[in-house]
$ cat upload11.csv   # CSV, C-alpha atoms and all ligand atoms
chain,number,residue,atom,x,y,z
A,145,MET,CA,46.5,9.9,65.1
A,146,LYS,CA,45.9,13.7,64.9
A,147,MET,CA,45.4,13.4,61.2
A,148,ARG,CA,42.7,10.7,61.7
A,149,LEU,CA,40.9,12.9,64.3
A,150,LYS,CA,40.8,15.8,61.9
A,151,LEU,CA,39.4,13.7,59.2
A,152,LYS,CA,36.7,12.4,61.5
A,153,SER,CA,35.6,15.9,62.6
A,154,VAL,CA,35.4,17.0,58.9
A,155,PHE,CA,33.3,14.0,58.2
A,156,VAL,CA,31.0,14.7,61.3
A,157,LEU,CA,30.7,18.4,60.2
A,158,TYR,CA,29.8,17.4,56.7
A,159,PHE,CA,27.2,14.9,58.1
A,160,MET,CA,25.7,17.6,60.3
A,161,VAL,CA,25.4,20.2,57.5
A,162,SER,CA,23.7,17.6,55.2
A,163,LEU,CA,21.3,16.7,58.0
A,164,LEU,CA,20.4,20.3,58.6
A,165,GLY,CA,19.9,20.8,54.9
A,166,LEU,CA,17.5,17.8,54.8
A,167,ILE,CA,15.5,19.0,57.8
A,168,TYR,CA,15.2,22.5,56.3
A,169,ALA,CA,14.0,21.0,53.0
A,170,LEU,CA,11.4,18.8,54.8
A,171,MET,CA,10.1,21.9,56.7
A,172,GLN,CA,9.8,23.8,53.5
A,173,LEU,CA,7.7,21.0,52.0
A,174,GLY,CA,5.2,21.2,54.8
A,175,GLN,CA,4.7,25.0,54.4
A,176,ARG,CA,2.0,26.6,52.4
A,177,CYS,CA,3.6,28.7,49.8
A,178,ASP,CA,2.7,32.1,48.3
A,179,CYS,CA,2.5,30.8,44.8
A,180,THR,CA,1.8,34.0,42.9
A,181,GLY,CA,5.4,34.2,41.8
A,182,HIS,CA,5.5,30.6,40.7
A,183,ASP,CA,2.6,30.5,38.1
A,184,ILE,CA,4.8,29.6,35.2
A,185,PRO,CA,6.5,26.5,36.7
A,186,LYS,CA,3.0,25.4,37.9
A,187,GLU,CA,1.6,25.7,34.4
A,188,ARG,CA,4.5,23.8,33.1
A,189,VAL,CA,4.0,21.0,35.6
A,190,ILE,CA,0.3,20.8,34.7
A,191,SER,CA,1.0,20.7,31.0
A,192,ARG,CA,3.7,18.0,31.6
A,193,LEU,CA,1.2,16.0,33.6
A,194,ARG,CA,-1.4,16.4,30.9
A,195,GLY,CA,1.1,15.2,28.3
A,196,GLU,CA,1.9,12.2,30.5
A,197,LEU,CA,-1.8,11.5,30.9
A,198,HIS,CA,-2.4,11.7,27.2
A,199,ARG,CA,0.6,9.4,26.6
A,200,LEU,CA,-0.8,6.8,29.1
A,201,GLN,CA,-4.3,7.0,27.5
A,202,GLU,CA,-2.7,6.4,24.1
A,203,GLN,CA,-0.9,3.4,25.5
A,204,MET,CA,-4.1,2.0,27.1
A,205,ARG,CA,-6.0,2.6,23.9
A,206,LYS,CA,-3.4,0.7,21.9
A,207,SER,CA,-3.4,-2.2,24.3
A,208,GLY,CA,-7.1,-2.3,23.9
A,209,GLU,CA,-8.1,-1.4,27.4
A,210,ILE,CA,-10.3,1.5,26.4
A,211,GLN,CA,-13.1,0.3,24.1
A,212,GLN,CA,-13.3,2.2,20.8
A,213,PRO,CA,-16.8,3.1,19.7
A,214,GLN,CA,-18.1,0.3,17.6
A,215,LYS,CA,-18.3,2.4,14.4
A,216,ASP,CA,-16.2,5.4,13.4
A,217,PRO,CA,-18.9,8.0,12.8
A,218,LYS,CA,-17.0,9.4,9.9
A,219,SER,CA,-17.2,6.2,7.9
A,220,SER,CA,-21.0,6.3,7.9
A,221,LEU,CA,-20.9,9.6,6.0
A,222,PRO,CA,-21.6,9.4,2.3
A,223,THR,CA,-18.3,9.5,0.4
A,224,ILE,CA,-17.5,12.5,-1.8
A,225,PHE,CA,-15.8,11.5,-5.0
A,226,VAL,CA,-14.0,14.5,-6.3
A,227,ILE,CA,-12.9,14.3,-9.9
A,228,THR,CA,-10.0,16.5,-11.0
A,229,PRO,CA,-8.7,16.6,-14.6
A,230,THR,CA,-5.1,17.9,-14.6
A,231,TYR,CA,-2.3,18.5,-17.2
A,232,ALA,CA,1.4,19.1,-17.0
A,233,ARG,CA,2.4,22.8,-16.8
A,234,LEU,CA,4.6,25.0,-14.6
A,235,VAL,CA,2.0,25.6,-12.0
A,236,GLN,CA,0.6,22.0,-11.9
A,237,LYS,CA,2.3,21.0,-8.6
A,238,ALA,CA,1.4,24.3,-6.9
A,239,GLU,CA,-2.3,23.8,-7.9
A,240,LEU,CA,-2.4,20.1,-6.8
A,241,THR,CA,-0.7,20.9,-3.6
A,242,ARG,CA,-3.2,23.6,-2.7
A,243,LEU,CA,-6.1,21.3,-3.7
A,244,SER,CA,-4.8,18.3,-1.8
A,245,GLN,CA,-4.3,20.3,1.4
A,246,THR,CA,-7.8,21.6,1.2
A,247,PHE,CA,-9.2,18.1,0.7
A,248,LEU,CA,-7.2,16.8,3.7
A,249,HIS,CA,-9.7,18.8,5.9
A,250,VAL,CA,-12.7,17.0,4.4
A,251,PRO,CA,-13.8,13.7,5.9
A,252,GLN,CA,-14.7,10.8,3.7
A,253,LEU,CA,-13.4,12.2,0.5
A,254,HIS,CA,-12.0,10.1,-2.3
A,255,TRP,CA,-10.0,12.1,-4.9
A,256,ILE,CA,-10.0,10.8,-8.5
A,257,VAL,CA,-7.2,12.6,-10.3
A,258,VAL,CA,-7.1,12.1,-14.1
A,259,GLU,CA,-4.0,13.2,-15.9
A,260,ASP,CA,-4.4,14.5,-19.5
A,261,SER,CA,-1.4,12.4,-20.5
A,262,ASN,CA,-0.4,9.2,-22.2
A,263,HIS,CA,1.1,7.9,-19.0
A,264,LYS,CA,0.9,8.6,-15.3
A,265,THR,CA,3.7,11.2,-14.5
A,266,PRO,CA,6.1,10.8,-11.5
A,267,LEU,CA,5.2,14.3,-10.3
A,268,VAL,CA,1.5,13.5,-9.8
A,269,ARG,CA,2.2,9.9,-8.7
A,270,ASP,CA,4.5,11.1,-5.9
A,271,LEU,CA,2.3,14.0,-4.9
A,272,LEU,CA,-0.6,11.6,-4.5
A,273,ALA,CA,1.4,9.0,-2.6
A,274,LYS,CA,2.5,11.6,-0.1
A,275,SER,CA,-0.8,13.5,0.1
A,276,GLY,CA,-2.4,11.5,2.9
A,277,LEU,CA,-5.6,11.3,1.0
A,278,THR,CA,-7.7,8.4,-0.3
A,279,TYR,CA,-7.2,8.6,-4.1
A,280,THR,CA,-7.4,6.9,-7.5
A,281,HIS,CA,-4.9,7.9,-10.1
A,282,LEU,CA,-6.0,7.6,-13.7
A,283,HIS,CA,-4.8,9.0,-17.0
A,284,VAL,CA,-6.1,9.6,-20.6
A,285,ALA,CA,-4.7,11.9,-23.2
A,286,THR,CA,-7.0,14.3,-24.9
A,287,ALA,CA,-7.0,13.5,-28.7
A,288,LYS,CA,-4.6,15.9,-30.5
A,289,GLU,CA,-7.4,17.4,-32.7
A,290,ARG,CA,-9.4,18.1,-29.5
A,291,LYS,CA,-6.6,19.6,-27.5
A,292,LEU,CA,-6.0,23.4,-27.2
A,293,GLN,CA,-2.7,24.3,-28.9
A,294,GLU,CA,-0.2,26.9,-27.6
A,295,GLY,CA,-1.7,30.3,-28.4
A,296,ASP,CA,-5.3,29.2,-28.9
A,297,PRO,CA,-7.9,31.2,-27.0
A,298,ASN,CA,-9.0,28.9,-24.2
A,299,TRP,CA,-12.7,29.0,-25.2
A,300,LEU,CA,-12.0,27.4,-28.5
A,301,LYS,CA,-12.2,23.8,-27.2
A,302,PRO,CA,-13.6,22.3,-24.0
A,303,ARG,CA,-11.0,21.1,-21.5
A,304,GLY,CA,-10.9,18.1,-19.2
A,305,VAL,CA,-13.7,16.2,-21.1
A,306,GLU,CA,-12.1,12.8,-21.7
A,307,GLN,CA,-10.6,12.9,-18.2
A,308,ARG,CA,-14.0,13.5,-16.5
A,309,ASN,CA,-15.5,10.7,-18.6
A,310,GLU,CA,-12.6,8.4,-17.7
A,311,ALA,CA,-13.4,9.0,-14.0
A,312,LEU,CA,-17.2,8.4,-14.6
A,313,HIS,CA,-16.2,5.1,-16.3
A,314,TRP,CA,-14.1,4.2,-13.2
A,315,LEU,CA,-16.9,5.0,-10.9
A,316,ARG,CA,-19.3,2.8,-12.8
A,317,GLN,CA,-16.9,-0.1,-12.8
A,318,GLU,CA,-15.6,0.2,-9.2
A,319,THR,CA,-18.4,1.5,-7.0
A,320,HIS,CA,-21.7,-0.2,-6.3
A,321,LYS,CA,-24.7,1.6,-5.0
A,322,GLN,CA,-22.8,3.0,-2.1
A,323,GLN,CA,-23.9,6.3,-0.6
A,324,GLY,CA,-21.9,8.9,-2.3
A,325,VAL,CA,-21.6,12.2,-4.2
A,326,VAL,CA,-19.7,13.1,-7.3
A,327,TYR,CA,-18.2,16.5,-7.7
A,328,PHE,CA,-16.0,17.8,-10.6
A,329,ALA,CA,-13.3,20.0,-9.1
A,330,ASP,CA,-10.9,21.6,-11.6
A,331,ASP,CA,-7.4,22.0,-10.3
A,332,ASP,CA,-7.3,25.8,-10.4
A,333,ASN,CA,-10.5,26.8,-8.5
A,334,THR,CA,-10.7,27.7,-4.8
A,335,TYR,CA,-12.9,25.6,-2.6
A,336,SER,CA,-14.3,26.4,0.8
A,337,LEU,CA,-14.6,23.5,3.3
A,338,GLN,CA,-18.3,24.3,3.9
A,339,LEU,CA,-19.0,23.5,0.2
A,340,PHE,CA,-18.3,19.8,0.8
A,341,GLU,CA,-20.7,19.6,3.8
A,342,GLU,CA,-23.4,21.4,1.7
A,343,MET,CA,-23.1,18.8,-1.1
A,344,ARG,CA,-22.7,15.7,1.1
A,345,ASN,CA,-26.4,14.7,1.2
A,346,THR,CA,-27.2,15.3,-2.4
A,347,GLN,CA,-30.2,13.2,-3.5
A,348,ARG,CA,-30.0,13.8,-7.2
A,349,VAL,CA,-28.2,17.0,-8.2
A,350,SER,CA,-27.4,19.9,-5.8
A,351,VAL,CA,-26.5,23.4,-7.0
A,352,TRP,CA,-25.0,26.6,-5.5
A,353,PRO,CA,-23.4,29.9,-6.7
A,354,VAL,CA,-19.9,30.1,-8.2
A,355,GLY,CA,-17.9,33.3,-7.7
A,356,LEU,CA,-15.8,35.1,-10.3
A,357,VAL,CA,-17.0,33.3,-13.3
A,358,GLY,CA,-18.5,34.1,-16.7
A,359,GLY,CA,-17.4,37.7,-16.6
A,360,MET,CA,-19.6,38.2,-13.5
A,361,LYS,CA,-19.0,38.6,-9.7
A,362,TYR,CA,-21.0,35.4,-9.5
A,363,GLU,CA,-23.4,33.1,-11.3
A,364,LYS,CA,-26.1,31.4,-9.4
A,365,PRO,CA,-29.4,29.5,-9.6
A,366,VAL,CA,-32.3,31.8,-8.6
A,367,VAL,CA,-34.3,30.1,-5.8
A,368,GLU,CA,-38.0,30.9,-5.1
A,369,GLY,CA,-40.0,28.9,-2.6
A,370,GLY,CA,-37.1,26.4,-2.2
A,371,LYS,CA,-37.0,25.7,-6.0
A,372,VAL,CA,-34.6,26.8,-8.7
A,373,VAL,CA,-36.7,28.8,-11.1
A,374,ARG,CA,-34.0,30.3,-13.4
A,375,PHE,CA,-30.3,31.2,-13.4
A,376,HIS,CA,-28.5,34.5,-12.8
A,377,THR,CA,-25.9,34.5,-15.6
A,378,GLY,CA,-24.4,37.0,-18.0
A,379,TRP,CA,-24.5,34.8,-21.1
A,380,ARG,CA,-27.2,32.6,-22.8
A,381,PRO,CA,-29.5,32.0,-19.8
A,382,SER,CA,-31.5,29.9,-22.2
A,383,ARG,CA,-29.0,27.0,-22.0
A,384,PRO,CA,-30.5,24.0,-20.3
A,385,PHE,CA,-28.1,24.3,-17.3
A,386,PRO,CA,-26.2,27.6,-17.6
A,387,MET,CA,-23.9,26.7,-14.8
A,388,ASP,CA,-20.1,26.2,-14.3
A,389,MET,CA,-18.7,22.8,-13.6
A,390,ALA,CA,-17.9,23.9,-10.0
A,391,GLY,CA,-21.6,24.8,-9.3
A,392,PHE,CA,-23.1,21.3,-9.0
A,393,ALA,CA,-22.7,17.8,-7.5
A,394,VAL,CA,-24.5,14.6,-8.5
A,395,SER,CA,-25.4,11.7,-6.3
A,396,LEU,CA,-23.4,8.5,-7.1
A,397,LYS,CA,-26.7,6.6,-7.3
A,398,LEU,CA,-27.8,8.8,-10.2
A,399,VAL,CA,-24.5,8.4,-12.0
A,400,LEU,CA,-24.7,4.7,-11.6
A,401,ALA,CA,-28.4,4.6,-12.7
A,402,ASN,CA,-27.6,6.5,-15.9
A,403,PRO,CA,-24.7,4.6,-17.5
A,404,ASP,CA,-25.1,6.5,-20.7
A,405,SER,CA,-24.6,10.0,-19.3
A,406,TRP,CA,-21.2,11.5,-20.4
A,407,PHE,CA,-19.7,14.9,-21.1
A,408,ASP,CA,-19.9,15.6,-24.8
A,409,GLY,CA,-16.6,17.0,-26.1
A,410,MET,CA,-18.4,18.2,-29.3
A,411,ALA,CA,-21.0,20.2,-27.4
A,412,PRO,CA,-21.0,23.9,-28.4
A,413,MET,CA,-19.1,26.3,-26.2
A,414,GLY,CA,-20.9,26.7,-22.8
A,415,PHE,CA,-22.9,23.6,-23.2
A,416,LEU,CA,-20.5,21.1,-21.7
A,417,GLU,CA,-22.2,21.0,-18.3
A,418,SER,CA,-25.6,20.8,-19.9
A,419,SER,CA,-24.5,17.9,-22.1
A,420,PHE,CA,-24.0,15.8,-18.9
A,421,LEU,CA,-26.8,17.1,-16.7
A,422,GLN,CA,-29.6,17.0,-19.4
A,423,GLY,CA,-30.1,13.3,-19.1
A,424,LEU,CA,-29.9,13.3,-15.3
A,425,VAL,CA,-32.2,15.9,-13.9
A,426,THR,CA,-34.8,18.6,-14.7
A,427,MET,CA,-34.6,22.2,-13.4
A,428,ASP,CA,-37.3,21.7,-10.8
A,429,GLN,CA,-35.5,18.7,-9.4
A,430,LEU,CA,-32.4,20.7,-8.6
A,431,GLU,CA,-31.5,20.9,-4.9
A,432,PRO,CA,-30.4,24.4,-3.9
A,433,LYS,CA,-27.7,24.5,-1.3
A,434,ALA,CA,-25.6,27.2,0.4
A,435,ASP,CA,-28.5,28.9,2.1
A,436,ASP,CA,-30.9,28.9,-0.9
A,437,CYS,CA,-27.9,29.8,-3.1
A,438,SER,CA,-27.1,33.0,-1.2
A,439,LEU,CA,-23.5,32.0,-0.3
A,440,VAL,CA,-20.4,31.9,-2.5
A,441,LEU,CA,-18.4,28.9,-1.4
A,442,VAL,CA,-16.4,28.2,-4.5
A,443,TRP,CA,-14.5,30.6,-6.8
A,444,HIS,CA,-13.6,30.1,-10.4
A,445,THR,CA,-10.1,31.4,-9.9
A,446,ARG,CA,-7.5,31.1,-12.6
A,447,THR,CA,-3.7,31.0,-12.1
A,448,GLU,CA,-1.6,33.4,-14.1
A,449,LYS,CA,0.9,31.6,-16.4
A,450,PRO,CA,4.4,32.4,-14.9
A,451,LYS,CA,6.7,34.4,-17.1
A,452,MET,CA,10.0,32.7,-17.9
A,453,LYS,CA,11.9,35.5,-19.6
A,454,ARG,CA,14.9,35.5,-17.2
A,455,GLU,CA,15.0,31.7,-17.1
A,456,GLU,CA,15.2,31.5,-20.8
A,457,ALA,CA,17.9,34.2,-20.9
A,458,LEU,CA,20.0,32.3,-18.4
A,459,GLN,CA,19.4,29.0,-20.2
A,460,ALA,CA,20.8,30.5,-23.4
A,461,GLN,CA,24.0,31.1,-21.4
A,462,GLY,CA,24.0,27.6,-20.0
A,463,LEU,CA,23.1,29.0,-16.6
A,464,GLY,CA,19.4,27.9,-16.4
A,465,SER,CA,17.8,26.3,-13.3
A,466,ASP,CA,18.5,22.7,-12.7
A,467,PRO,CA,16.0,20.8,-15.0
A,468,HIS,CA,16.0,17.9,-12.5
A,469,MET,CA,14.6,20.0,-9.6
A,470,GLU,CA,10.8,19.4,-9.4
A,471,VAL,CA,8.8,22.7,-9.2
A,501,LIG,C1,-14.1,26.4,-17.5
A,501,LIG,C2,-14.9,25.5,-16.6
A,501,LIG,O1,-14.8,25.9,-15.3
A,501,LIG,C3,-14.3,24.1,-16.8
A,501,LIG,O2,-14.9,23.2,-15.9
A,501,LIG,C4,-14.6,23.7,-18.2
A,501,LIG,O3,-14.0,22.4,-18.4
A,501,LIG,C5,-13.9,24.7,-19.1
A,501,LIG,O4,-14.3,26.0,-18.9
A,501,LIG,C6,-14.3,24.3,-20.6
A,501,LIG,O5,-15.1,25.0,-21.2
A,501,LIG,O6,-13.8,23.2,-21.0
A,501,LIG,P1,-11.5,27.0,-17.4
A,501,LIG,O7,-10.9,27.7,-16.3
A,501,LIG,O8,-11.7,27.8,-18.7
A,501,LIG,O9,-12.8,26.4,-17.0
A,501,LIG,O10,-10.6,25.7,-17.8
A,501,LIG,P2,-9.3,25.1,-17.2
A,501,LIG,O11,-9.3,25.4,-15.7
A,501,LIG,O12,-8.2,25.6,-18.0
A,501,LIG,O13,-9.5,23.6,-17.4
A,501,LIG,C7,-10.5,22.8,-16.7
A,501,LIG,C8,-9.8,21.5,-16.2
A,501,LIG,O14,-9.3,20.7,-17.2
A,501,LIG,C9,-8.7,21.8,-15.2
A,501,LIG,O15,-8.7,21.0,-14.1
A,501,LIG,C10,-7.5,21.6,-16.1
A,501,LIG,O16,-6.3,21.1,-15.3
A,501,LIG,C11,-7.9,20.5,-17.0
A,501,LIG,N1,-7.3,20.5,-18.3
A,501,LIG,C12,-7.1,21.7,-19.0
A,501,LIG,C13,-6.8,19.4,-18.9
A,501,LIG,O17,-6.9,18.3,-18.3
A,501,LIG,N2,-6.2,19.4,-20.1
A,501,LIG,C14,-6.0,20.6,-20.8
A,501,LIG,O18,-5.4,20.6,-21.9
A,501,LIG,C15,-6.5,21.8,-20.2
A,502,MN,MN,-10.1,26.9,-14.5

$ encode --input "upload11.csv" --output "structure tokens" --more "lines below"
Ligand code: UGA
Ligand code: MN
Amino acid sequence: MKMRLKLKSVFVLYFMVSLLGLIYALMQLGQRCDCTGHDIPKERVISRLRGELHRLQEQMRKSGEIQQPQKDPKSSLPTIFVITPTYARLVQKAELTRLSQTFLHVPQLHWIVVEDSNHKTPLVRDLLAKSGLTYTHLHVATAKERKLQEGDPNWLKPRGVEQRNEALHWLRQETHKQQGVVYFADDDNTYSLQLFEEMRNTQRVSVWPVGLVGGMKYEKPVVEGGKVVRFHTGWRPSRPFPMDMAGFAVSLKLVLANPDSWFDGMAPMGFLESSFLQGLVTMDQLEPKADDCSLVLVWHTRTEKPKMKREEALQAQGLGSDPHMEV
């Protein structure tokens, strides 16, 4: 009996304490607080609520409750077809990684990668598949007699010629009169994002300066009264178009309207760009971009060939790097 009474009073006491706690908590809720010391939790709550709101909006959007604008404004932009010849070498994956990650920032870009190879390599295939870009993967091997051999000075033979022509062939087969621009972007150059917006509305052929090229700080078309009147270059300014490949873009319409314009692999040194442009445009038709050609937005950078002395020494001892690991 005594035992039961004790248990009952413990229970009543416990009930009273809980009730008091509850009343105190309710009173606190009603009070205005001095929040200066609580800024961080408040921020956290706001950010959590924002996250929640975003999540709910996403859900509503997916279930079709919020109407999407009828047309994605990006898809009405002219497409930039970027043509990149590339060949297998130690730095190839590094070059293509840098390039692809630049292109990811450019809306409505279609990357045409043409391997100088008899087949499509797994390295390039996988890189493209994982890139998140819209792309076309092509290949064509440069004929042996036209290809630079180990130790040849690089000016001896033009590079990337058959590959660019292969891409032109693809464009002429697969695209039809759509609004677009064609740009030849070598895999080792450095491209500013602004460059792509400069070229996007090219009517025929647009032009701009190229940095660090031809033994100069820059080469560029000279613009007077909105027209290109000559070229600032250190070598043979009398060439029809003394410009680097990185310094111009051509409208897709013009490429399609001139099905016989190709790069000429037999053109003398420095005349490769002219061989293609000659049939397409005259100097006074060129469209100067990049603030009347006063801005450098692309650089003719060249990557140093990595030295493999230590790798070779280790290989000789059977301790070289794993040949199956992709670099
Ligand atoms: C300069 C120009 O910037 C090039 O556009 C031009 O094609 C070249 O000269 C030339 O005269 O042929 P440069 O830096 O000397 O460029 O050339 P690379 O960057 O070595 O090659 C140009 C492109 O062709 C690159 O995208 C490269 O990957 C590719 N290439 C190079 C091949 O596809 N196969 C090769 O055997 C070598
Ligand atoms: Mn280069």

$ closest_atom_pairs --input "upload11.csv" --of "chain A" --to "ligand MN 502 (chain A)" --cutoff "9 Å" --atoms "only C-alpha atoms and all ligand atoms" --output "Markdown table"
| residue | atom | partner | partner_atom | distance |
| --- | --- | --- | --- | --- |
| A:Asp330 | CA | A:MN502 | MN | 6.1 |
| A:Asp331 | CA | A:MN502 | MN | 7.0 |
| A:Asp332 | CA | A:MN502 | MN | 5.1 |
| A:Asn333 | CA | A:MN502 | MN | 6.0 |
| A:His444 | CA | A:MN502 | MN | 6.3 |
| A:Thr445 | CA | A:MN502 | MN | 6.4 |
| A:Arg446 | CA | A:MN502 | MN | 5.3 |
| A:Thr447 | CA | A:MN502 | MN | 8.0 |

$ residues_near_ligand --input "upload11.csv" --ligand "ligand LIG 501 (chain A)" --cutoff "7 Å" --atoms "only C-alpha atoms and all ligand atoms" --output "MDAnalysis selection string"
chainID A and resid 228:231 259:260 291:292 298:299 301:305 307 329:332 388:390 413:414 416 444 446

$ residues_around --input "upload11.csv" --residues "Leu221 of chain A" --least-positions-apart "6" --cutoff "9 Å" --atoms "all atoms listed in the file" --output "mmCIF file with C-alpha atoms, in the coordinates of the input"
data_model
loop_
_atom_site.group_PDB
_atom_site.id
_atom_site.type_symbol
_atom_site.label_atom_id
_atom_site.label_comp_id
_atom_site.auth_asym_id
_atom_site.auth_seq_id
_atom_site.Cartn_x
_atom_site.Cartn_y
_atom_site.Cartn_z
ATOM 1 C CA PRO A 251 -13.800 13.700 5.900
ATOM 2 C CA GLN A 252 -14.700 10.800 3.700
ATOM 3 C CA GLN A 323 -23.900 6.300 -0.600
ATOM 4 C CA GLY A 324 -21.900 8.900 -2.300
ATOM 5 C CA ARG A 344 -22.700 15.700 1.100
ATOM 6 C CA ASN A 345 -26.400 14.700 1.200
#

$ closest_residue --input "upload11.csv" --among "A:Phe340, A:Ser438, A:Gln317, A:Phe225" --to "Thr278 of chain A" --atoms "all atoms listed in the file"
A:Phe225

$ closest_residue --input "upload11.csv" --among "A:Lys364, A:His320, A:Arg308, A:His249" --to "Gly391 of chain A" --atoms "all atoms listed in the file"
A:Lys364

$ atom_distance --input "upload11.csv" --atom1 "atom CA of Val367 of chain A" --atom2 "atom CA of Ser382 of chain A"
16.6 Å

$ closest_residue --input "upload11.csv" --among "A:Thr286, A:Thr241, A:Ser405, A:Ser350" --to "Pro365 of chain A" --atoms "all atoms listed in the file"
A:Ser350

$ residues_around --input "upload11.csv" --residues "Asp404 of chain A" --least-positions-apart "4" --cutoff "10 Å" --atoms "all atoms listed in the file" --output "list in words"
Val399, Leu400, Phe420, Gly423 and Leu424 of chain A

$ write_last_selection --input "upload11.csv" --atoms "C-alpha atoms" --output "mmCIF file, in the coordinates of the input"
data_model
loop_
_atom_site.group_PDB
_atom_site.id
_atom_site.type_symbol
_atom_site.label_atom_id
_atom_site.label_comp_id
_atom_site.auth_asym_id
_atom_site.auth_seq_id
_atom_site.Cartn_x
_atom_site.Cartn_y
_atom_site.Cartn_z
ATOM 1 C CA VAL A 399 -24.500 8.400 -12.000
ATOM 2 C CA LEU A 400 -24.700 4.700 -11.600
ATOM 3 C CA PHE A 420 -24.000 15.800 -18.900
ATOM 4 C CA GLY A 423 -30.100 13.300 -19.100
ATOM 5 C CA LEU A 424 -29.900 13.300 -15.300
#

$ residues_near_point --input "upload11.csv" --point "(-5.2, 16.7, 4.4)" --cutoff "7 Å" --atoms "all atoms listed in the file" --output "list in words"
Ser244, Gln245, Thr246, Phe247, Leu248, His249, Ser275, Gly276 and Leu277 of chain A

$ atom_distance --input "upload11.csv" --atom1 "atom CA of Asp428 of chain A" --atom2 "atom CA of Lys371 of chain A"
6.3 Å

$ atom_distance --input "upload11.csv" --atom1 "atom CA of Arg374 of chain A" --atom2 "atom CA of Leu398 of chain A"
22.6 Å

$ closest_residue --input "upload11.csv" --among "A:Val366, A:Leu421, A:Pro217, A:Ala411" --to "Phe392 of chain A" --atoms "only C-alpha atoms"
A:Leu421

$ closest_residue --input "upload11.csv" --among "A:Leu234, A:Pro412, A:Met387, A:Asp296" --to "Lys451 of chain A" --atoms "only C-alpha atoms"
A:Leu234

$ closest_residue --input "upload11.csv" --among "A:Trp255, A:Tyr327, A:Tyr362, A:Phe375" --to "Leu441 of chain A" --atoms "only C-alpha atoms"
A:Tyr362

$ build_atoms --input "upload11.csv" --residues "segment 268-272 of chain A" --atoms "all heavy atoms" --output "tab-separated table (two decimals), in the coordinates of the input"
chain	number	residue	atom	x	y	z
A	268	VAL	N	2.82	13.67	-10.43
A	268	VAL	CA	1.50	13.50	-9.80
A	268	VAL	C	1.47	12.20	-8.97
A	268	VAL	O	0.89	12.19	-7.89
A	268	VAL	CB	0.41	13.40	-10.96
A	268	VAL	CG1	-0.95	13.08	-10.38
A	268	VAL	CG2	0.38	14.71	-11.74
A	269	ARG	N	2.15	11.16	-9.44
A	269	ARG	CA	2.20	9.90	-8.70
A	269	ARG	C	2.76	10.14	-7.26
A	269	ARG	O	2.17	9.73	-6.26
A	269	ARG	CB	3.06	8.88	-9.41
A	269	ARG	CG	2.93	7.46	-8.88
A	269	ARG	CD	4.04	6.58	-9.40
A	269	ARG	NE	4.01	6.42	-10.86
A	269	ARG	CZ	3.26	5.52	-11.49
A	269	ARG	NH1	2.48	4.72	-10.80
A	269	ARG	NH2	3.30	5.42	-12.80
A	270	ASP	N	3.90	10.85	-7.21
A	270	ASP	CA	4.50	11.10	-5.90
A	270	ASP	C	3.69	12.01	-5.04
A	270	ASP	O	3.57	11.81	-3.83
A	270	ASP	CB	5.92	11.73	-6.09
A	270	ASP	CG	6.90	10.77	-6.72
A	270	ASP	OD1	6.55	9.57	-6.85
A	270	ASP	OD2	8.00	11.21	-7.11
A	271	LEU	N	3.14	13.04	-5.67
A	271	LEU	CA	2.30	14.00	-4.90
A	271	LEU	C	1.14	13.25	-4.24
A	271	LEU	O	0.85	13.44	-3.07
A	271	LEU	CB	1.83	15.10	-5.82
A	271	LEU	CG	1.10	16.24	-5.13
A	271	LEU	CD1	1.55	17.58	-5.70
A	271	LEU	CD2	-0.40	16.11	-5.25
A	272	LEU	N	0.49	12.38	-5.01
A	272	LEU	CA	-0.60	11.60	-4.50
A	272	LEU	C	-0.20	10.68	-3.36
A	272	LEU	O	-0.83	10.59	-2.30
A	272	LEU	CB	-1.35	10.86	-5.58
A	272	LEU	CG	-2.18	11.72	-6.54
A	272	LEU	CD1	-2.67	10.88	-7.71
A	272	LEU	CD2	-3.35	12.37	-5.82
